[in-house]
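To start, the structure under review is shown below, and the notes come after it.
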Amino acid sequence: MPNKQQTLDILFEDNHLIIINKKPSDIVQGDKTGDTPLSEKIKVYLKDKYNKPGEVFLGVTHRIDRPTSGIVMFAKTSKSLTRINQMFKDKEIKKTYLAITNNKPSENSGTLTNYLLKNEKQNKSFVYKDEKNGAKKAILHYKVINKSDNYFLLEVEIETGRHHQIRCQFANIGCHIKGDLKYGAKRSNPDGSISLHAWKMQFIHPVKKEMIEIIAPTPNDKLWKSF
């Protein structure tokens, strides 16, 4: 029987939390595709590693889009899940992404503030400059940190975790994330991913009260490596 750990890129694990570097093809939670979600793979790994009888508890604390890679945190106890959920709500967890875009924003660093309205049917968010009924305020901060011949590497910190926030806010200023056909990129990436990576997470451990900083290595492909 293959070792379950080989299929999971575990960045951090203790009695309370498990943090994974998600592959672009993985879904965090089950959806209509019926594909095995990351949450189920982790449950199998935990059951196997700790010889747990019966059902394994695993709480999904947040999600990142399927074609996006990088950090996803899960709770191994109901106590840590409740605390982490509250920390996300109170914006006490700092999340930083890396994005590869086809164009450079007009400024080298700045803040984007918009109102996003999610269309459930299209599974897409639309950007509005002003408040609109049902739209949620979306704020992110960015800086351009590198460039190649054709692309720009941006560091992005999100203040509000909205549906497809980084993807649609950057598309709105003409900076499409590489491979993101849904939001206007010209070509897809060969593996179906988009060049958006949940890179860094900083937070106070919900039980141990220590500062934790997690960094997820970027995907192993030529473009990411060129940066």
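The chains in the structure tokens are called A, B, ... from first to last as shown; in each chain the residues are counted from 1, and the ligands are counted from 1 in the order shown.
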Might you pull out every residue within 12 Å of Thr7 in chain A, with only C-alpha atoms counted and same-chain residues fewer than 5 positions away left off, and present them as number ranges by chain?
-> A: 2, 20-23, 26, 38, 41-42, 44-45
Would you export the selected residues with C-alpha atoms as a PDB file, in the first residue's frame, please?
ATOM      1  CA  PRO A   2       1.503   3.404  -0.990  1.00  0.00           C
ATOM      2  CA  ILE A  20      -0.787  21.690   3.349  1.00  0.00           C
ATOM      3  CA  ASN A  21       0.840  23.108   0.212  1.00  0.00           C
ATOM      4  CA  LYS A  22      -2.037  22.418  -2.174  1.00  0.00           C
ATOM      5  CA  LYS A  23      -1.419  21.312  -5.753  1.00  0.00           C
ATOM      6  CA  ASP A  26      -6.737  19.580  -5.785  1.00  0.00           C
ATOM      7  CA  LEU A  38      -8.006  17.388  -0.156  1.00  0.00           C
ATOM      8  CA  LYS A  41      -7.079  12.727   1.497  1.00  0.00           C
ATOM      9  CA  ILE A  42      -5.923  14.268   4.789  1.00  0.00           C
ATOM     10  CA  VAL A  44      -7.083   9.042   5.174  1.00  0.00           C
ATOM     11  CA  TYR A  45      -3.535  10.156   6.013  1.00  0.00           C
TER      12      TYR A  45
END
Where does DSSP see strand (DSSP E) in range 103-199 of chain A, if you list the residues as a PyMOL selection string?
-> chain A and resi 109-119+124-128+136-147+152-158+196-199
Using only C-alpha atoms, pick whichever of A:Tyr50, A:Phe227, A:Tyr183, A:Tyr151 has the shortest atom-to-atom distance to Phe126 in chain A.
->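 Smallest separation from Phe126 in chain A among the options: A:Tyr183.
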Taking the chain letters and numbering used in this document, name the residues of range 39-164 of chain A that DSSP puts in alpha helix (DSSP H), as a ChimeraX atom specification.
-> /A:39-49,78-89
Let's have the selection written as a PDB file, in the first residue's frame, with N, CA and C atoms.
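Output file out_37.pdb follows:
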ATOM      1  N   SER A  39      -9.530  17.478   1.750  1.00  0.00           N
ATOM      2  CA  SER A  39      -9.964  17.165   3.118  1.00  0.00           C
ATOM      3  C   SER A  39     -10.075  15.653   3.337  1.00  0.00           C
ATOM      4  N   GLU A  40     -10.572  14.926   2.327  1.00  0.00           N
ATOM      5  CA  GLU A  40     -10.699  13.463   2.455  1.00  0.00           C
ATOM      6  C   GLU A  40      -9.332  12.786   2.422  1.00  0.00           C
ATOM      7  N   LYS A  41      -8.436  13.293   1.576  1.00  0.00           N
ATOM      8  CA  LYS A  41      -7.079  12.727   1.497  1.00  0.00           C
ATOM      9  C   LYS A  41      -6.358  12.876   2.840  1.00  0.00           C
ATOM     10  N   ILE A  42      -6.570  14.030   3.484  1.00  0.00           N
ATOM     11  CA  ILE A  42      -5.923  14.268   4.789  1.00  0.00           C
ATOM     12  C   ILE A  42      -6.522  13.349   5.848  1.00  0.00           C
ATOM     13  N   LYS A  43      -7.828  13.139   5.805  1.00  0.00           N
ATOM     14  CA  LYS A  43      -8.469  12.222   6.769  1.00  0.00           C
ATOM     15  C   LYS A  43      -7.889  10.809   6.642  1.00  0.00           C
ATOM     16  N   VAL A  44      -7.678  10.372   5.407  1.00  0.00           N
ATOM     17  CA  VAL A  44      -7.083   9.042   5.174  1.00  0.00           C
ATOM     18  C   VAL A  44      -5.671   8.996   5.755  1.00  0.00           C
ATOM     19  N   TYR A  45      -4.911  10.057   5.498  1.00  0.00           N
ATOM     20  CA  TYR A  45      -3.535  10.156   6.013  1.00  0.00           C
ATOM     21  C   TYR A  45      -3.527  10.110   7.546  1.00  0.00           C
ATOM     22  N   LEU A  46      -4.414  10.876   8.197  1.00  0.00           N
ATOM     23  CA  LEU A  46      -4.457  10.927   9.667  1.00  0.00           C
ATOM     24  C   LEU A  46      -4.878   9.585  10.264  1.00  0.00           C
ATOM     25  N   LYS A  47      -5.862   8.970   9.632  1.00  0.00           N
ATOM     26  CA  LYS A  47      -6.360   7.667  10.096  1.00  0.00           C
ATOM     27  C   LYS A  47      -5.232   6.634  10.040  1.00  0.00           C
ATOM     28  N   ASP A  48      -4.496   6.687   8.933  1.00  0.00           N
ATOM     29  CA  ASP A  48      -3.397   5.766   8.671  1.00  0.00           C
ATOM     30  C   ASP A  48      -2.220   6.001   9.640  1.00  0.00           C
ATOM     31  N   LYS A  49      -1.831   7.259   9.772  1.00  0.00           N
ATOM     32  CA  LYS A  49      -0.651   7.611  10.572  1.00  0.00           C
ATOM     33  C   LYS A  49      -0.857   7.325  12.069  1.00  0.00           C
ATOM     34  N   SER A  78     -12.081  20.311  17.254  1.00  0.00           N
ATOM     35  CA  SER A  78     -13.178  21.292  17.164  1.00  0.00           C
ATOM     36  C   SER A  78     -12.803  22.591  17.875  1.00  0.00           C
ATOM     37  N   LYS A  79     -11.992  22.502  18.941  1.00  0.00           N
ATOM     38  CA  LYS A  79     -11.556  23.701  19.666  1.00  0.00           C
ATOM     39  C   LYS A  79     -10.708  24.602  18.762  1.00  0.00           C
ATOM     40  N   SER A  80      -9.736  24.000  18.069  1.00  0.00           N
ATOM     41  CA  SER A  80      -8.887  24.823  17.197  1.00  0.00           C
ATOM     42  C   SER A  80      -9.686  25.350  16.003  1.00  0.00           C
ATOM     43  N   LEU A  81     -10.653  24.583  15.518  1.00  0.00           N
ATOM     44  CA  LEU A  81     -11.490  25.050  14.395  1.00  0.00           C
ATOM     45  C   LEU A  81     -12.269  26.301  14.792  1.00  0.00           C
ATOM     46  N   THR A  82     -12.904  26.264  15.959  1.00  0.00           N
ATOM     47  CA  THR A  82     -13.682  27.415  16.435  1.00  0.00           C
ATOM     48  C   THR A  82     -12.793  28.642  16.564  1.00  0.00           C
ATOM     49  N   ARG A  83     -11.608  28.446  17.140  1.00  0.00           N
ATOM     50  CA  ARG A  83     -10.698  29.583  17.345  1.00  0.00           C
ATOM     51  C   ARG A  83     -10.159  30.140  16.021  1.00  0.00           C
ATOM     52  N   ILE A  84      -9.774  29.240  15.109  1.00  0.00           N
ATOM     53  CA  ILE A  84      -9.246  29.683  13.808  1.00  0.00           C
ATOM     54  C   ILE A  84     -10.342  30.410  13.014  1.00  0.00           C
ATOM     55  N   ASN A  85     -11.553  29.877  13.028  1.00  0.00           N
ATOM     56  CA  ASN A  85     -12.671  30.545  12.332  1.00  0.00           C
ATOM     57  C   ASN A  85     -12.849  31.973  12.838  1.00  0.00           C
ATOM     58  N   GLN A  86     -12.760  32.153  14.160  1.00  0.00           N
ATOM     59  CA  GLN A  86     -12.894  33.485  14.759  1.00  0.00           C
ATOM     60  C   GLN A  86     -11.732  34.385  14.347  1.00  0.00           C
ATOM     61  N   MET A  87     -10.533  33.801  14.274  1.00  0.00           N
ATOM     62  CA  MET A  87      -9.357  34.582  13.870  1.00  0.00           C
ATOM     63  C   MET A  87      -9.468  35.061  12.422  1.00  0.00           C
ATOM     64  N   PHE A  88      -9.998  34.209  11.551  1.00  0.00           N
ATOM     65  CA  PHE A  88     -10.224  34.639  10.163  1.00  0.00           C
ATOM     66  C   PHE A  88     -11.241  35.784  10.134  1.00  0.00           C
ATOM     67  N   LYS A  89     -12.298  35.631  10.911  1.00  0.00           N
ATOM     68  CA  LYS A  89     -13.357  36.642  10.984  1.00  0.00           C
ATOM     69  C   LYS A  89     -12.803  37.977  11.479  1.00  0.00           C
TER      70      LYS A  89
END
With only C-alpha atoms as the atoms that count, which of A:Leu11, A:Cys168, A:Ala99, A:Ala75 lies nearest to Tyr115 in chain A?
-> A:Cys168
Within 9 Å of Ala171 in chain A, counting only C-alpha atoms, which residues show up once you throw out same-chain ones fewer than 5 positions away? Write them as a PyMOL selection string, please.
-> chain A and resi 166+176-177+183-185
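You will find CA of Gln122 in chain A at 25.4 Å from CA of Asn103 in chain A.
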Residues near Lys104 in chain A, cut-off 9 Å, only C-alpha atoms, skip fewer than 5 positions along chain, as a PyMOL selection string = chain A and resi 144+147+151-154+174-175
What lies within 9 Å of Lys137 in chain A using only C-alpha atoms, ignoring chain neighbours under 6 positions off, as JSON, numbers by chain?
-> {"A": [113, 114, 115, 116, 131, 160, 162]}
Nearby residues (only C-alpha atoms) at most 8 Å from range 195-212 of chain A, same-chain spacing under 2 positions excluded, as a PDB file with C-alpha atoms, in the first residue's frame:
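Saved result, result-v6.pdb, follows:
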ATOM      1  CA  HIS A  16      -4.265  20.995  16.607  1.00  0.00           C
ATOM      2  CA  ILE A  64      -8.459  28.564  -2.075  1.00  0.00           C
ATOM      3  CA  THR A  68      -4.625  28.031  -7.290  1.00  0.00           C
ATOM      4  CA  SER A  69      -1.714  26.427  -5.424  1.00  0.00           C
ATOM      5  CA  GLY A  70      -0.387  27.007  -1.940  1.00  0.00           C
ATOM      6  CA  ILE A  71      -1.262  27.129   1.744  1.00  0.00           C
ATOM      7  CA  SER A  80      -8.887  24.823  17.197  1.00  0.00           C
ATOM      8  CA  ARG A  83     -10.698  29.583  17.345  1.00  0.00           C
ATOM      9  CA  ILE A  84      -9.246  29.683  13.808  1.00  0.00           C
ATOM     10  CA  GLU A  92      -5.963  38.093  12.661  1.00  0.00           C
ATOM     11  CA  ILE A  93      -4.500  35.758  10.032  1.00  0.00           C
ATOM     12  CA  LYS A  94      -2.247  37.448   7.498  1.00  0.00           C
ATOM     13  CA  LYS A  95      -2.283  35.838   4.051  1.00  0.00           C
ATOM     14  CA  THR A  96       0.153  36.775   1.294  1.00  0.00           C
ATOM     15  CA  TYR A  97      -0.099  35.512  -2.283  1.00  0.00           C
ATOM     16  CA  LEU A  98       2.236  35.561  -5.263  1.00  0.00           C
ATOM     17  CA  ALA A  99       0.673  36.256  -8.667  1.00  0.00           C
ATOM     18  CA  ILE A 100       2.169  36.203 -12.155  1.00  0.00           C
ATOM     19  CA  THR A 101       0.416  38.715 -14.444  1.00  0.00           C
ATOM     20  CA  ILE A 177      -3.230  36.280 -13.975  1.00  0.00           C
ATOM     21  CA  LYS A 178      -1.397  33.882 -16.280  1.00  0.00           C
ATOM     22  CA  GLY A 179      -3.598  30.953 -17.299  1.00  0.00           C
ATOM     23  CA  ASP A 180      -6.808  32.446 -15.876  1.00  0.00           C
ATOM     24  CA  SER A 193      -3.535  25.840 -13.139  1.00  0.00           C
ATOM     25  CA  ILE A 214       4.331  29.277   7.111  1.00  0.00           C
ATOM     26  CA  ILE A 215       5.856  29.637   3.640  1.00  0.00           C
ATOM     27  CA  ALA A 216       4.813  27.338   0.797  1.00  0.00           C
ATOM     28  CA  PRO A 217       7.359  26.727  -1.982  1.00  0.00           C
ATOM     29  CA  THR A 218       6.026  27.797  -5.391  1.00  0.00           C
TER      30      THR A 218
END
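Here CA of Met73 in chain A stands at a distance of 6.0 Å from CA of Ile18 in chain A.
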Of the residues A:His141, A:Lys132, A:Lys222, A:Lys76, which is the one nearest to Val60 in chain A, using only C-alpha atoms?
->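 Distance minimum relative to Val60 in chain A lands on A:Lys76.
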